[in-house]
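As stored in input.txt (compact mmCIF, C-alpha atoms):
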```
# COMPACT_ATOMS: atom_id res chain seq x y z
CA MET U 1209 13.65 89.27 16.74
CA LEU U 1210 14.25 91.47 19.79
CA LYS U 1211 17.95 91.68 20.63
CA SER U 1212 17.45 90.33 24.15
CA ILE U 1213 15.83 87.15 22.79
CA LYS U 1214 18.43 86.41 20.10
CA LYS U 1215 20.62 84.88 22.76
CA GLU U 1216 20.52 81.26 23.85
CA LYS U 1217 17.03 79.99 24.62
CA LEU U 1218 15.99 80.09 28.28
CA ALA U 1219 14.80 76.49 28.32
CA LYS U 1220 13.48 73.73 26.09
CA GLU U 1221 9.83 74.50 26.91
CA GLY U 1222 8.03 77.35 28.60
CA TYR U 1223 4.97 79.56 28.86
CA VAL U 1224 4.63 83.18 27.72
CA TYR U 1225 2.01 85.61 29.06
CA VAL U 1226 1.51 89.27 28.14
CA SER U 1227 0.08 92.04 30.31
CA TYR U 1228 -0.51 95.74 29.66
CA GLY U 1229 -3.11 98.44 30.20
CA HIS U 1230 -5.32 98.44 33.30
CA PRO U 1231 -3.83 96.69 36.38
CA LYS U 1232 -6.80 94.32 36.44
CA TYR U 1233 -5.25 92.44 33.51
CA LEU U 1234 -2.16 91.78 35.60
CA LYS U 1235 -4.46 90.30 38.26
CA HIS U 1236 -5.87 88.00 35.61
CA THR U 1237 -2.41 86.86 34.54
CA VAL U 1238 -1.39 86.19 38.13
CA ALA U 1239 -4.53 84.12 38.71
CA SER U 1240 -3.84 82.09 35.56
CA VAL U 1241 -0.24 81.40 36.59
CA VAL U 1242 -1.41 80.28 40.03
CA THR U 1243 -3.68 77.66 38.42
CA LEU U 1244 -0.86 76.61 36.06
CA ARG U 1245 1.44 75.96 39.00
CA ARG U 1246 -1.06 73.53 40.48
CA TYR U 1247 -0.04 71.14 37.70
CA ASP U 1248 3.32 72.30 36.29
CA SER U 1249 5.93 73.60 38.72
CA LYS U 1250 8.94 72.98 36.46
CA ARG U 1251 8.55 74.77 33.14
CA PRO U 1252 9.47 78.48 33.33
CA VAL U 1253 6.97 81.29 32.89
CA VAL U 1254 7.73 84.60 31.15
CA ILE U 1255 5.55 87.67 31.44
CA CYS U 1256 5.97 90.39 28.82
CA CYS U 1257 4.62 93.56 30.35
CA THR U 1258 4.81 97.33 30.42
CA GLU U 1259 6.97 99.20 32.90
CA LYS U 1260 3.86 100.10 34.90
CA GLN U 1261 2.88 96.44 35.23
CA LYS U 1262 6.42 95.50 36.20
CA SER U 1263 6.38 98.12 38.97
CA ILE U 1264 3.17 96.64 40.36
CA ILE U 1265 4.66 93.14 40.33
CA GLU U 1266 7.67 94.37 42.28
CA GLU U 1267 5.65 96.54 44.65
CA LYS U 1268 3.30 93.69 45.53
CA GLY U 1269 6.13 91.19 46.00
CA LEU U 1270 5.03 88.91 43.18
CA THR U 1271 8.29 88.58 41.24
CA HIS U 1272 8.63 84.98 42.40
CA LEU U 1273 5.65 84.00 40.23
CA PHE U 1274 7.63 84.63 37.04
CA ASP U 1275 10.99 83.35 35.87
CA VAL U 1276 11.45 86.33 33.53
CA ILE U 1277 9.78 89.75 33.48
CA HIS U 1278 10.40 91.07 29.95
CA PRO U 1279 9.75 94.67 28.85
CA LEU U 1280 6.90 95.10 26.35
CA PRO U 1281 7.36 97.88 23.77
CA GLU U 1282 4.45 100.30 23.42
CA GLU U 1283 3.82 99.25 19.81
CA HIS U 1284 3.20 95.66 20.96
CA ALA U 1285 0.93 96.57 23.90
CA SER U 1286 -2.32 95.47 22.27
CA ILE U 1287 -3.96 92.24 21.16
CA VAL U 1288 -2.93 92.64 17.52
CA GLY U 1289 0.36 94.31 18.44
CA PHE U 1290 1.51 91.28 20.41
CA LYS U 1291 -0.13 88.33 18.68
CA HIS U 1292 0.85 89.52 15.21
CA ASN U 1293 4.44 89.70 16.47
CA ILE U 1294 4.93 86.62 18.62
CA HIS U 1295 7.89 85.65 16.44
CA GLU U 1296 9.70 88.37 18.39
CA TYR U 1297 9.08 86.55 21.69
CA LEU U 1298 10.32 83.00 21.22
CA PHE U 1299 12.08 82.75 24.57
CA PHE U 1300 12.16 78.94 24.52
CA GLU U 1301 12.80 76.23 21.97
CA ARG U 1302 9.11 75.44 22.26
CA ASN U 1303 6.71 78.17 23.36
CA ILE U 1304 3.09 78.22 24.48
CA PHE U 1305 1.54 81.70 24.37
CA LEU U 1306 -1.44 82.17 26.65
CA ASP U 1307 -4.21 84.67 27.26
CA SER U 1308 -4.49 85.97 30.80
CA ASP U 1309 -8.15 84.88 31.17
CA ILE U 1310 -7.32 81.17 31.23
CA VAL U 1311 -7.70 78.72 34.10
CA TRP U 1312 -5.65 75.52 34.04
CA CYS U 1313 -7.62 72.42 34.91
CA LYS U 1314 -5.19 69.48 34.64
CA ASP U 1315 -1.59 68.39 34.02
CA PRO U 1316 -0.38 69.87 30.67
CA GLU U 1317 2.26 67.18 30.02
CA PRO U 1318 0.21 65.41 27.30
CA MET U 1319 -0.44 68.80 25.71
CA TRP U 1320 3.26 69.46 25.19
CA THR U 1321 3.70 66.00 23.63
CA SER U 1322 0.84 66.49 21.19
CA LEU U 1323 2.01 69.96 20.13
CA SER U 1324 5.65 68.97 19.55
CA PRO U 1325 5.38 68.05 15.82
CA HIS U 1326 4.08 71.52 14.87
CA PRO U 1327 6.46 74.32 13.79
CA PHE U 1328 3.58 76.70 14.52
CA THR U 1329 -0.08 76.21 15.32
CA ILE U 1330 -3.07 77.68 17.08
CA THR U 1331 -5.95 75.80 18.64
CA GLY U 1332 -9.02 75.86 16.44
CA THR U 1333 -11.48 73.94 14.30
CA MET U 1334 -10.92 72.92 10.68
CA VAL U 1335 -14.04 74.80 9.58
CA SER U 1336 -15.01 78.12 11.16
CA ASP U 1337 -18.56 78.38 12.45
CA ASN U 1338 -20.92 81.15 11.34
CA PHE U 1339 -20.18 83.30 14.39
CA PHE U 1340 -16.40 83.46 13.85
CA GLY U 1341 -15.37 87.08 13.41
CA ALA U 1342 -18.97 87.94 12.48
CA SER U 1343 -22.19 88.85 14.25
CA LYS U 1344 -22.78 87.11 17.58
CA ASN U 1345 -26.58 87.43 17.41
CA LEU U 1346 -29.34 86.69 14.90
CA GLY U 1347 -27.61 89.02 12.45
CA VAL U 1348 -25.49 86.03 11.50
CA ILE U 1349 -28.47 84.76 9.50
CA LYS U 1350 -28.02 87.68 7.10
CA ASP U 1351 -24.36 86.72 6.59
CA VAL U 1352 -25.42 83.18 5.70
CA LEU U 1353 -28.18 84.22 3.30
CA LEU U 1354 -25.92 86.72 1.50
CA ARG U 1355 -23.05 84.19 1.37
CA ARG U 1356 -20.62 86.77 2.73
CA ARG U 1357 -18.17 84.20 4.05
CA LYS U 1358 -17.87 82.57 0.61
CA ARG U 1359 -17.23 85.95 -1.02
CA THR U 1360 -14.43 86.68 1.46
CA LEU U 1361 -12.67 83.42 0.66
CA LYS U 1362 -12.98 84.00 -3.08
CA ARG U 1363 -11.50 87.51 -2.86
CA PHE U 1364 -8.43 86.25 -1.03
CA GLY U 1365 -7.95 83.06 -3.02
CA LEU U 1366 -8.74 80.77 -0.10
CA THR U 1367 -10.40 77.37 -0.38
CA TYR U 1368 -11.16 77.00 3.32
CA LEU U 1369 -11.30 79.03 6.51
CA SER U 1370 -10.57 77.47 9.87
CA ARG U 1371 -11.50 78.97 13.19
CA VAL U 1372 -8.60 79.79 15.50
CA GLN U 1373 -8.80 80.42 19.23
CA THR U 1374 -5.68 82.41 20.09
CA GLY U 1375 -6.05 81.95 23.82
CA LEU U 1376 -3.44 79.24 23.22
CA MET U 1377 -0.78 79.57 20.50
CA TYR U 1378 2.25 77.35 19.98
CA ALA U 1379 5.50 78.17 18.18
CA GLN U 1380 8.94 76.62 17.84
CA ASP U 1381 10.06 77.62 14.32
CA TYR U 1382 10.95 81.30 13.90
CA GLU U 1383 10.64 81.55 10.11
CA THR U 1384 7.23 79.85 9.98
CA THR U 1385 5.93 81.94 12.86
CA LYS U 1386 7.15 85.16 11.25
CA LYS U 1387 5.48 84.31 7.92
CA VAL U 1388 2.13 83.75 9.63
CA CYS U 1389 2.36 86.95 11.68
CA THR U 1390 3.42 89.11 8.73
CA LEU U 1391 0.65 87.81 6.49
CA ALA U 1392 -1.94 88.17 9.26
CA SER U 1393 -1.05 91.87 9.55
CA GLU U 1394 -1.58 92.25 5.82
CA MET U 1395 -4.97 90.51 6.04
CA LEU U 1396 -6.09 92.81 8.85
CA SER U 1397 -5.19 95.87 6.78
CA LYS U 1398 -7.71 94.66 4.18
CA LYS U 1399 -10.62 94.18 6.61
CA ASP U 1400 -12.96 96.24 4.42
CA LEU U 1401 -12.77 93.50 1.78
CA THR U 1402 -14.05 90.86 4.22
CA HIS U 1403 -17.31 90.05 5.99
CA PHE U 1404 -15.64 90.26 9.41
CA GLN U 1405 -16.81 92.77 12.00
CA SER U 1406 -14.58 94.88 14.19
CA ARG U 1407 -14.27 93.40 17.65
CA LYS U 1408 -14.73 96.93 18.97
CA MET U 1409 -18.41 96.68 18.02
CA GLU U 1410 -18.92 94.15 20.82
CA LYS U 1411 -19.91 95.43 24.25
CA GLY U 1412 -16.91 95.87 26.54
CA ARG U 1413 -14.32 95.45 23.76
CA THR U 1414 -11.82 98.21 23.04
CA GLU U 1415 -9.30 96.37 20.87
CA GLU U 1416 -9.34 94.79 17.45
CA SER U 1417 -9.35 91.00 17.12
CA CYS U 1418 -6.33 89.12 15.80
CA GLU U 1419 -8.09 85.82 15.21
CA TRP U 1420 -9.73 85.97 11.79
CA SER U 1421 -6.61 87.51 10.25
CA LEU U 1422 -4.42 84.75 11.71
CA ALA U 1423 -6.91 82.14 10.49
CA MET U 1424 -6.77 83.57 6.98
CA ALA U 1425 -2.96 83.67 7.06
CA MET U 1426 -2.76 80.04 8.16
CA SER U 1427 -5.18 79.04 5.41
CA LYS U 1428 -3.17 80.93 2.79
CA LEU U 1429 0.06 79.27 3.97
CA ASP U 1430 -1.70 75.91 4.40
CA ILE U 1431 -0.68 75.62 8.04
CA PRO U 1432 -3.17 73.47 9.96
CA VAL U 1433 -4.81 74.50 13.19
CA TYR U 1434 -4.50 72.21 16.19
CA PRO U 1435 -7.90 70.49 16.74
CA TRP U 1436 -9.47 72.52 19.51
CA LEU U 1437 -12.45 70.27 20.22
CA GLN U 1438 -11.31 66.75 21.13
CA GLY U 1439 -13.71 65.74 23.84
CA HIS U 1440 -11.74 64.67 26.90
CA ASN U 1441 -8.46 65.67 25.21
CA SER U 1442 -9.53 69.26 24.38
CA LEU U 1443 -6.67 71.70 24.98
CA GLN U 1444 -9.07 74.49 25.81
CA LEU U 1445 -12.81 74.99 26.00
CA ASP U 1446 -14.84 78.16 26.34
CA TYR U 1447 -16.34 78.93 29.71
CA ILE U 1448 -20.10 78.95 29.21
CA GLY U 1449 -22.03 79.35 32.45
CA ILE U 1450 -24.91 77.01 31.62
CA LEU U 1451 -22.47 74.36 30.35
CA THR U 1452 -19.82 74.48 33.10
CA ASP U 1453 -19.82 73.02 36.60
CA HIS U 1454 -17.01 74.16 38.92
CA ASP U 1455 -16.05 75.19 42.44
CA ASP U 1456 -15.06 78.77 43.36
CA ASP U 1457 -11.31 78.16 42.86
CA PHE U 1458 -11.73 76.08 39.68
CA GLU U 1459 -9.95 73.10 41.18
CA TYR U 1460 -12.95 71.06 40.02
CA VAL U 1461 -14.14 71.74 36.45
CA ASN U 1462 -16.60 69.78 34.32
CA CYS U 1463 -17.83 71.05 30.95
CA LYS U 1464 -20.89 69.87 29.05
CA TYR U 1465 -19.53 69.09 25.60
CA TYR U 1466 -22.04 68.42 22.82
CA SER U 1467 -20.76 65.80 20.40
CA HIS U 1468 -22.39 67.39 17.35
CA ASP U 1469 -20.29 70.31 16.07
CA PHE U 1470 -23.20 72.52 15.07
CA VAL U 1471 -25.04 72.01 18.33
CA TYR U 1472 -21.90 72.83 20.31
CA SER U 1473 -21.30 75.94 18.17
CA LEU U 1474 -24.56 77.38 19.54
CA ARG U 1475 -22.63 78.28 22.69
CA GLY U 1476 -21.72 81.41 20.72
CA LEU U 1477 -25.23 82.80 21.19
CA LYS U 1478 -25.36 85.42 23.94
CA SER U 1479 -28.88 84.53 25.02
CA ASP U 1480 -29.07 81.54 27.37
CA PHE U 1481 -32.75 81.26 26.50
CA LEU U 1482 -31.98 80.89 22.79
CA LYS U 1483 -29.18 78.40 23.47
CA LYS U 1484 -31.44 76.21 25.57
CA LEU U 1485 -34.38 76.50 23.18
CA ILE U 1486 -32.49 75.65 19.98
CA ILE U 1487 -30.52 72.82 21.59
CA SER U 1488 -33.74 71.42 23.03
CA VAL U 1489 -35.41 71.47 19.62
CA LEU U 1490 -32.41 69.94 17.83
CA SER U 1491 -32.14 67.23 20.51
CA ILE U 1492 -35.32 65.73 19.09
CA ILE U 1493 -33.13 64.46 16.22
CA PRO U 1494 -31.20 61.32 17.28
CA GLY U 1495 -27.58 62.14 18.08
CA LYS U 1496 -27.96 65.94 18.10
CA GLY U 1497 -28.46 66.06 21.88
CA ASP U 1498 -25.58 63.72 22.74
CA TYR U 1499 -23.02 65.20 25.13
CA MET U 1500 -20.19 64.22 27.45
CA LEU U 1501 -18.81 65.80 30.61
CA VAL U 1502 -15.13 66.66 30.15
CA THR U 1503 -12.30 68.49 31.91
CA PRO U 1504 -10.16 70.39 29.37
CA PHE U 1505 -6.54 71.30 29.95
CA CYS U 1506 -7.55 74.98 29.91
CA LEU U 1507 -10.82 76.79 30.54
CA HIS U 1508 -10.88 80.02 28.54
CA PHE U 1509 -13.06 82.97 29.52
CA GLY U 1510 -13.11 84.46 26.05
CA TRP U 1511 -16.75 85.59 25.94
CA TYR U 1512 -17.16 89.01 27.56
CA HIS U 1513 -20.64 88.22 28.91
CA GLU U 1514 -19.29 85.06 30.59
CA LYS U 1515 -16.25 86.54 32.36
CA GLN U 1516 -17.68 87.43 35.79
CA PRO U 1517 -16.76 84.14 37.55
CA PHE U 1518 -13.15 84.58 36.41
CA PHE U 1519 -13.10 88.22 37.52
CA GLU U 1520 -14.18 87.12 41.00
CA PHE U 1521 -11.61 84.32 41.11
CA ALA U 1522 -8.80 86.64 39.96
CA GLU U 1523 -9.68 89.28 42.56
CA HIS U 1524 -9.87 86.68 45.32
CA THR U 1525 -6.51 85.21 44.27
CA TRP U 1526 -4.89 88.66 44.16
CA ILE U 1527 -6.11 89.49 47.67
CA ARG U 1528 -4.70 86.23 49.00
CA LEU U 1529 -1.34 86.71 47.32
CA THR U 1530 -0.88 90.30 48.43
CA SER U 1531 -2.19 89.87 51.97
CA ARG U 1532 0.13 90.26 54.96
CA ARG U 1533 0.38 86.50 55.25
CA TYR U 1534 2.43 86.37 52.03
CA GLN U 1535 4.06 89.79 51.78
CA GLY U 1536 7.82 89.36 51.83
CA ASN U 1537 7.52 85.57 51.86
CA GLU U 1538 8.88 84.84 48.41
CA LYS U 1539 9.92 81.36 49.52
CA ALA U 1540 6.31 80.30 49.79
CA SER U 1541 5.58 77.97 46.92
CA VAL U 1542 3.06 78.96 44.30
CA LYS U 1543 1.43 75.57 44.69
CA GLU U 1544 0.89 76.24 48.39
CA ILE U 1545 -0.57 79.65 47.65
CA ALA U 1546 -2.80 78.23 44.92
CA HIS U 1547 -4.39 75.82 47.37
CA SER U 1548 -4.65 78.27 50.28
CA ARG U 1549 -7.97 79.51 51.58
CA LYS U 1550 -9.04 82.66 53.34
```

Output the file's structure as structure tokens, nothing else.
Amino acid sequence: MLKSIKKEKLAKEGYVYVSYGHPKYLKHTVASVVTLRRYDSKRPVVICCTEKQKSIIEEKGLTHLFDVIHPLPEEHASIVGFKHNIHEYLFFERNIFLDSDIVWCKDPEPMWTSLSPHPFTITGTMVSDNFFGASKNLGVIKDVLLRRRKRTLKRFGLTYLSRVQTGLMYAQDYETTKKVCTLASEMLSKKDLTHFQSRKMEKGRTEESCEWSLAMAMSKLDIPVYPWLQGHNSLQLDYIGILTDHDDDFEYVNCKYYSHDFVYSLRGLKSDFLKKLIISVLSIIPGKGDYMLVTPFCLHFGWYHEKQPFFEFAEHTWIRLTSRRYQGNEKASVKEIAHSRK
């Protein structure tokens, strides 16, 4: 563990964000924190970031958004570099690690209560769908016909493979967290023995995914995922344009949540036409078209082709926060800023 974090924990519970690379990712983190502070103004927030990102935070007068600005070593400034090493960043007794492209939609208090029994966990589903770590188009049919997923499990001695969604990770036990991270790194080094595709093959992606390797590590260590899809109690849901109703600032969010797991997994298709067509056909079967309207704790913009609404929100939030109205006014509450308008 990093020397600076070996000391006494900062607090019982807290949130950890990471930011590096292009300044736009810092804008995303800031926007996410602003939505968090609409509902939780007490628990501290840490941002682990590069020196460049720290300079921007200071230059723009945004230090008041974070309780701690922690230096991020170059070797950890990537998706895999950070998420395969989160055992090095346990600032609190109980830690929630968050992606920057997340919007908070309601009070997280029940979330903390439900996560408390777990030494380590990641939101996910008990069984991974066919799109997890694989092709996101009709090429997935080839994977199914050739039974590639089954061959991967057999090679690694696994009896099941969950899907994890690392937009939200939880850790409170150092040893357990370290075991998962270390094994995940080993799994990633053996990618050629799996059916998983490099995330870099997806349009707009420049970094490798950490998710399938973490899922395999958790399966090997028999560490359960935290049920991602729980209807009204879902910790996070994907933002899918045709399934999400919201205002510009995401203060109102309603997601169309299909009750049948397979039908809901079709949100992974890039084509809206295909999604609508297949769901419409399946809805002929009683129960397959059932859905509810829910507000998750977090709305995650994990699909590259669905990110534009978040990009616009983040840019708008950044402009408001760095405008003359707020420059130098560090006493202004984040909650007030979050609810401000142009």

### Query
Expressed in Å to a single decimal, how great is the separation between CA of Ile1304 (chain U) and CA of Val1224 (chain U)?
6.1 Å

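Residues surrounding region 1418-1430 of chain U within 6 Å are Val1288, Gly1341, Ser1370, Val1372, Val1388, Leu1391, Ala1392, Met1395 and Leu1396 of chain U [all atoms listed in the file; sequence separation below 2 positions excluded].
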
Would you save the residues from that selection as a compact mmCIF listing (two decimals), in the frame of the given file, using C-alpha atoms?
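In the end it all went to part_4.txt:
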```txt
# COMPACT_ATOMS: atom_id res chain seq x y z
CA VAL U 1288 -2.93 92.64 17.52
CA GLY U 1341 -15.37 87.08 13.41
CA SER U 1370 -10.57 77.47 9.87
CA VAL U 1372 -8.60 79.79 15.50
CA VAL U 1388 2.13 83.75 9.63
CA LEU U 1391 0.65 87.81 6.49
CA ALA U 1392 -1.94 88.17 9.26
CA MET U 1395 -4.97 90.51 6.04
CA LEU U 1396 -6.09 92.81 8.85
```

Could I get the residues of region 1350-1446 of chain U with an atom no further than 8 Å from an atom of region 1318-1324 of chain U, each paired with its nearest atom pair and that distance in Å to one decimal, using only C-alpha atoms, sorted by chain and residue number, as JSON lines?
```
{"residue": "U:Tyr1378", "atom": "CA", "partner": "U:Leu1323", "partner_atom": "CA", "distance": 7.4}
{"residue": "U:Tyr1434", "atom": "CA", "partner": "U:Leu1323", "partner_atom": "CA", "distance": 7.9}
{"residue": "U:Leu1443", "atom": "CA", "partner": "U:Met1319", "partner_atom": "CA", "distance": 6.9}
```

### Task
Find the distance between CA of Ile1492 (chain U) and CA of Cys1463 (chain U) and write it in Å to one decimal.
21.8 Å

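Comparing U:Ser1467, U:Asn1293, U:Ser1531, U:Gln1373 by their smallest distance to Gly1269 (chain U), the closest is U:Ser1531 (using all atoms listed in the file).
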
### Query
Near Ala1379 (chain U), within 7 Å and counting all atoms listed in the file, which residues show up once chain neighbours fewer than 6 positions away are dropped, as an NGL selection string?
:U and (1302-1304 or 1327-1329 or 1385)

Which polymer residues have any atom within 9 Å of an atom of Phe1300 (chain U), counting only C-alpha atoms, with same-chain residues fewer than 4 positions away left out, as a tab-separated table (two decimals) with C-alpha atoms, in the coordinates of the input?
```
chain	number	residue	atom	x	y	z
U	1216	GLU	CA	20.52	81.26	23.85
U	1217	LYS	CA	17.03	79.99	24.62
U	1218	LEU	CA	15.99	80.09	28.28
U	1219	ALA	CA	14.80	76.49	28.32
U	1220	LYS	CA	13.48	73.73	26.09
U	1221	GLU	CA	9.83	74.50	26.91
U	1222	GLY	CA	8.03	77.35	28.60
U	1223	TYR	CA	4.97	79.56	28.86
U	1380	GLN	CA	8.94	76.62	17.84
```

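By all atoms listed in the file, and with residues fewer than 2 positions from Phe1305 (chain U) along its chain excluded, the set lying at most 10 Å from it is U:Gly1222, U:Tyr1223, U:Val1224, U:Tyr1225, U:Val1226, U:Val1254, U:Lys1291, U:Ile1294, U:Tyr1297, U:Leu1298, U:Asn1303, U:Asp1307, U:Ser1308, U:Ile1330, U:Thr1374, U:Gly1375, U:Leu1376, U:Met1377, U:Tyr1378, U:Ala1379.
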